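What follows is a single structure, written as structure tokens, with notes after it.
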Number of protein chains: 2
Amino acid sequence: MRLKVGRWEKVPEEVVSSAKGLYRRWLITPRDGAPNFAMRLFRMVPGGETPPHSHDWEHEVFILSGRGRATLDGEEYELSSGTFLFIPGGVEHAFQNDGREDLVFLCLVPASAVPPGK
Amino acid sequence: MRLKVGRWEKVPEEVVSSAKGLYRRWLITPRDGAPNFAMRLFRMVPGGETPPHSHDWEHEVFILSGRGRATLDGEEYELSSGTFLFIPGGVEHAFQNDGREDLVFLCLVPASAVPPGK
């Protein structure tokens, strides 16, 4: 029975080396005792992007601030504060920040997708 | 393989009858094909509150806007935009909006906690 209350700005940020201009914070993970899913916060700088990729697990995403585009299964979607996305496992997805500010978003994944040690 | 992209403001809002001044939107649920966890968005009006309660499943919460307080296991925490909370199953929790604006937050739960039909 471990509570966790924090502010995202205070969580250490790590570089996501598989993308361009993308940084990740692990807010709530199995290491905190979260049994089923993990909450991460991403910050993508202007001009940043992830290459198109897919994997077995789903994403649940909520855009907090900034503007950008997602390409999901070949189709483009505009992103801004208040957009949410469900990206099922197996769907090819890519994100791009074509705005002037950081694109900041939550992306939650099942616990089974969290690497050991996180 | 069903994508879902939406804006939270466009999702129908329902009254949470067990609380005061609290409204819920189901953004991503098992009905959308989400296999492991569900994303809900809550809006609590100024003066609104939930009674202290607990249940077997966890909450993962992220405050989007507004100000308020959470009482978790008897201890008080201030809430504002950017606060995140992990509330394990079995921990008594209550929320209160003591600010002047709506307190808006995401609260995610495991799929097993989603009522049939949602």
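Chain labels follow the order of the structure tokens: the first chain is A, the next B, and so on; residue numbering restarts at 1 in every chain, and ligands are counted from 1 in their shown order.
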
Spatial neighbours of Val109 of chain B, 8 Å, only C-alpha atoms, chain gap at least 2 places, as a count of residues only:
11

Which residues of chain A come within 10 Å of chain B, and what is each one's closest atom pair and distance in Å (one decimal), counting only C-alpha atoms, sorted by chain and residue number, as JSON lines?
{"residue": "A:Met1", "atom": "CA", "partner": "B:Pro88", "partner_atom": "CA", "distance": 6.1}
{"residue": "A:Arg2", "atom": "CA", "partner": "B:Pro88", "partner_atom": "CA", "distance": 6.6}
{"residue": "A:Leu3", "atom": "CA", "partner": "B:Ile87", "partner_atom": "CA", "distance": 5.5}
{"residue": "A:Lys4", "atom": "CA", "partner": "B:Phe86", "partner_atom": "CA", "distance": 4.9}
{"residue": "A:Val5", "atom": "CA", "partner": "B:Leu85", "partner_atom": "CA", "distance": 4.5}
{"residue": "A:Gly6", "atom": "CA", "partner": "B:Phe84", "partner_atom": "CA", "distance": 5.4}
{"residue": "A:Arg7", "atom": "CA", "partner": "B:Thr83", "partner_atom": "CA", "distance": 4.6}
{"residue": "A:Trp8", "atom": "CA", "partner": "B:Gly82", "partner_atom": "CA", "distance": 6.0}
{"residue": "A:Glu9", "atom": "CA", "partner": "B:Gly82", "partner_atom": "CA", "distance": 7.7}
{"residue": "A:Leu27", "atom": "CA", "partner": "B:Phe84", "partner_atom": "CA", "distance": 7.6}
{"residue": "A:Ile28", "atom": "CA", "partner": "B:Phe86", "partner_atom": "CA", "distance": 6.7}
{"residue": "A:Thr29", "atom": "CA", "partner": "B:Phe86", "partner_atom": "CA", "distance": 9.3}
{"residue": "A:Asp32", "atom": "CA", "partner": "B:Phe86", "partner_atom": "CA", "distance": 8.2}
{"residue": "A:Gly33", "atom": "CA", "partner": "B:Pro88", "partner_atom": "CA", "distance": 7.6}
{"residue": "A:Ala34", "atom": "CA", "partner": "B:Pro88", "partner_atom": "CA", "distance": 7.2}
{"residue": "A:Pro35", "atom": "CA", "partner": "B:Glu58", "partner_atom": "CA", "distance": 8.2}
{"residue": "A:Asn36", "atom": "CA", "partner": "B:Pro110", "partner_atom": "CA", "distance": 6.5}
{"residue": "A:Phe37", "atom": "CA", "partner": "B:Phe37", "partner_atom": "CA", "distance": 7.1}
{"residue": "A:Ala38", "atom": "CA", "partner": "B:Glu60", "partner_atom": "CA", "distance": 8.4}
{"residue": "A:Met39", "atom": "CA", "partner": "B:Glu60", "partner_atom": "CA", "distance": 7.5}
{"residue": "A:Trp57", "atom": "CA", "partner": "B:Pro35", "partner_atom": "CA", "distance": 9.4}
{"residue": "A:Glu58", "atom": "CA", "partner": "B:Ala34", "partner_atom": "CA", "distance": 7.6}
{"residue": "A:His59", "atom": "CA", "partner": "B:Ala34", "partner_atom": "CA", "distance": 9.1}
{"residue": "A:Glu60", "atom": "CA", "partner": "B:Met39", "partner_atom": "CA", "distance": 7.5}
{"residue": "A:Val61", "atom": "CA", "partner": "B:Met39", "partner_atom": "CA", "distance": 9.1}
{"residue": "A:Phe62", "atom": "CA", "partner": "B:Leu106", "partner_atom": "CA", "distance": 9.0}
{"residue": "A:Ile63", "atom": "CA", "partner": "B:Arg7", "partner_atom": "CA", "distance": 9.7}
{"residue": "A:Leu64", "atom": "CA", "partner": "B:Leu64", "partner_atom": "CA", "distance": 7.6}
{"residue": "A:Ala70", "atom": "CA", "partner": "B:Val5", "partner_atom": "CA", "distance": 9.9}
{"residue": "A:Leu72", "atom": "CA", "partner": "B:Leu3", "partner_atom": "CA", "distance": 7.9}
{"residue": "A:Asp73", "atom": "CA", "partner": "B:Leu3", "partner_atom": "CA", "distance": 8.7}
{"residue": "A:Tyr77", "atom": "CA", "partner": "B:Val5", "partner_atom": "CA", "distance": 7.9}
{"residue": "A:Glu78", "atom": "CA", "partner": "B:Val5", "partner_atom": "CA", "distance": 9.5}
{"residue": "A:Leu79", "atom": "CA", "partner": "B:Val5", "partner_atom": "CA", "distance": 9.3}
{"residue": "A:Ser80", "atom": "CA", "partner": "B:Arg7", "partner_atom": "CA", "distance": 9.1}
{"residue": "A:Ser81", "atom": "CA", "partner": "B:Arg7", "partner_atom": "CA", "distance": 8.8}
{"residue": "A:Gly82", "atom": "CA", "partner": "B:Arg7", "partner_atom": "CA", "distance": 5.7}
{"residue": "A:Thr83", "atom": "CA", "partner": "B:Arg7", "partner_atom": "CA", "distance": 4.6}
{"residue": "A:Phe84", "atom": "CA", "partner": "B:Gly6", "partner_atom": "CA", "distance": 5.4}
{"residue": "A:Leu85", "atom": "CA", "partner": "B:Val5", "partner_atom": "CA", "distance": 4.5}
{"residue": "A:Phe86", "atom": "CA", "partner": "B:Lys4", "partner_atom": "CA", "distance": 4.9}
{"residue": "A:Ile87", "atom": "CA", "partner": "B:Leu3", "partner_atom": "CA", "distance": 5.5}
{"residue": "A:Pro88", "atom": "CA", "partner": "B:Met1", "partner_atom": "CA", "distance": 6.0}
{"residue": "A:Gly89", "atom": "CA", "partner": "B:Met1", "partner_atom": "CA", "distance": 7.6}
{"residue": "A:Gly90", "atom": "CA", "partner": "B:Met1", "partner_atom": "CA", "distance": 7.6}
{"residue": "A:Val91", "atom": "CA", "partner": "B:Met1", "partner_atom": "CA", "distance": 7.1}
{"residue": "A:Leu106", "atom": "CA", "partner": "B:Phe62", "partner_atom": "CA", "distance": 9.0}
{"residue": "A:Leu108", "atom": "CA", "partner": "B:Phe37", "partner_atom": "CA", "distance": 9.1}
{"residue": "A:Val109", "atom": "CA", "partner": "B:Asn36", "partner_atom": "CA", "distance": 8.7}
{"residue": "A:Pro110", "atom": "CA", "partner": "B:Asn36", "partner_atom": "CA", "distance": 6.5}
{"residue": "A:Ala111", "atom": "CA", "partner": "B:Asn36", "partner_atom": "CA", "distance": 9.1}

Which residues come within 6 Å of Leu22 of chain A, counting only C-alpha atoms, excluding same-chain residues fewer than 6 positions away, as a list in words?
Val16, Arg43 and Met44 of chain A

Selected residues written out, C-alpha atoms, as a compact mmCIF listing (two decimals), in the first residue's frame:
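Contents of the output file result_26.txt:
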# COMPACT_ATOMS: atom_id res chain seq x y z
CA VAL A 16 14.21 8.47 -26.08
CA ARG A 43 7.94 15.98 -24.21
CA MET A 44 8.66 16.39 -27.90

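When only C-alpha atoms are used to measure the gap to Gly48 of chain A, the shortest distance among A:Ser17, A:Glu76, A:Asp98, A:Pro12 belongs to A:Asp98.
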
Distance in Å - atom CA of Gly74 of chain A versus atom CA of Pro46 of chain A:
21.9 Å

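Candidate residues B:Pro30, B:Arg67, B:Ser18, B:Glu75 were compared for distance to Ser112 of chain B, and the nearest is B:Pro30, using only C-alpha atoms.
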
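Counting only C-alpha atoms, the residue from A:His53, A:Val15, A:Trp26, A:Gly68 that sits nearest to Val104 of chain A is A:Gly68.
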
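Put simply, atom CA of Asp102 of chain B is 7.4 Å away from atom CA of Ser65 of chain B.
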
For the structure I just gave you, how does DSSP split segment 4-85 of chain A - specifically, which residues are strand (DSSP E)? Reply as a ChimeraX atom specification.
/A:4-7,14-15,20-28,37-49,59-65,67-72,75-80,83-85

Between atom CA of Gly47 of chain A and atom CA of Asn97 of chain A lies a distance of 5.4 Å
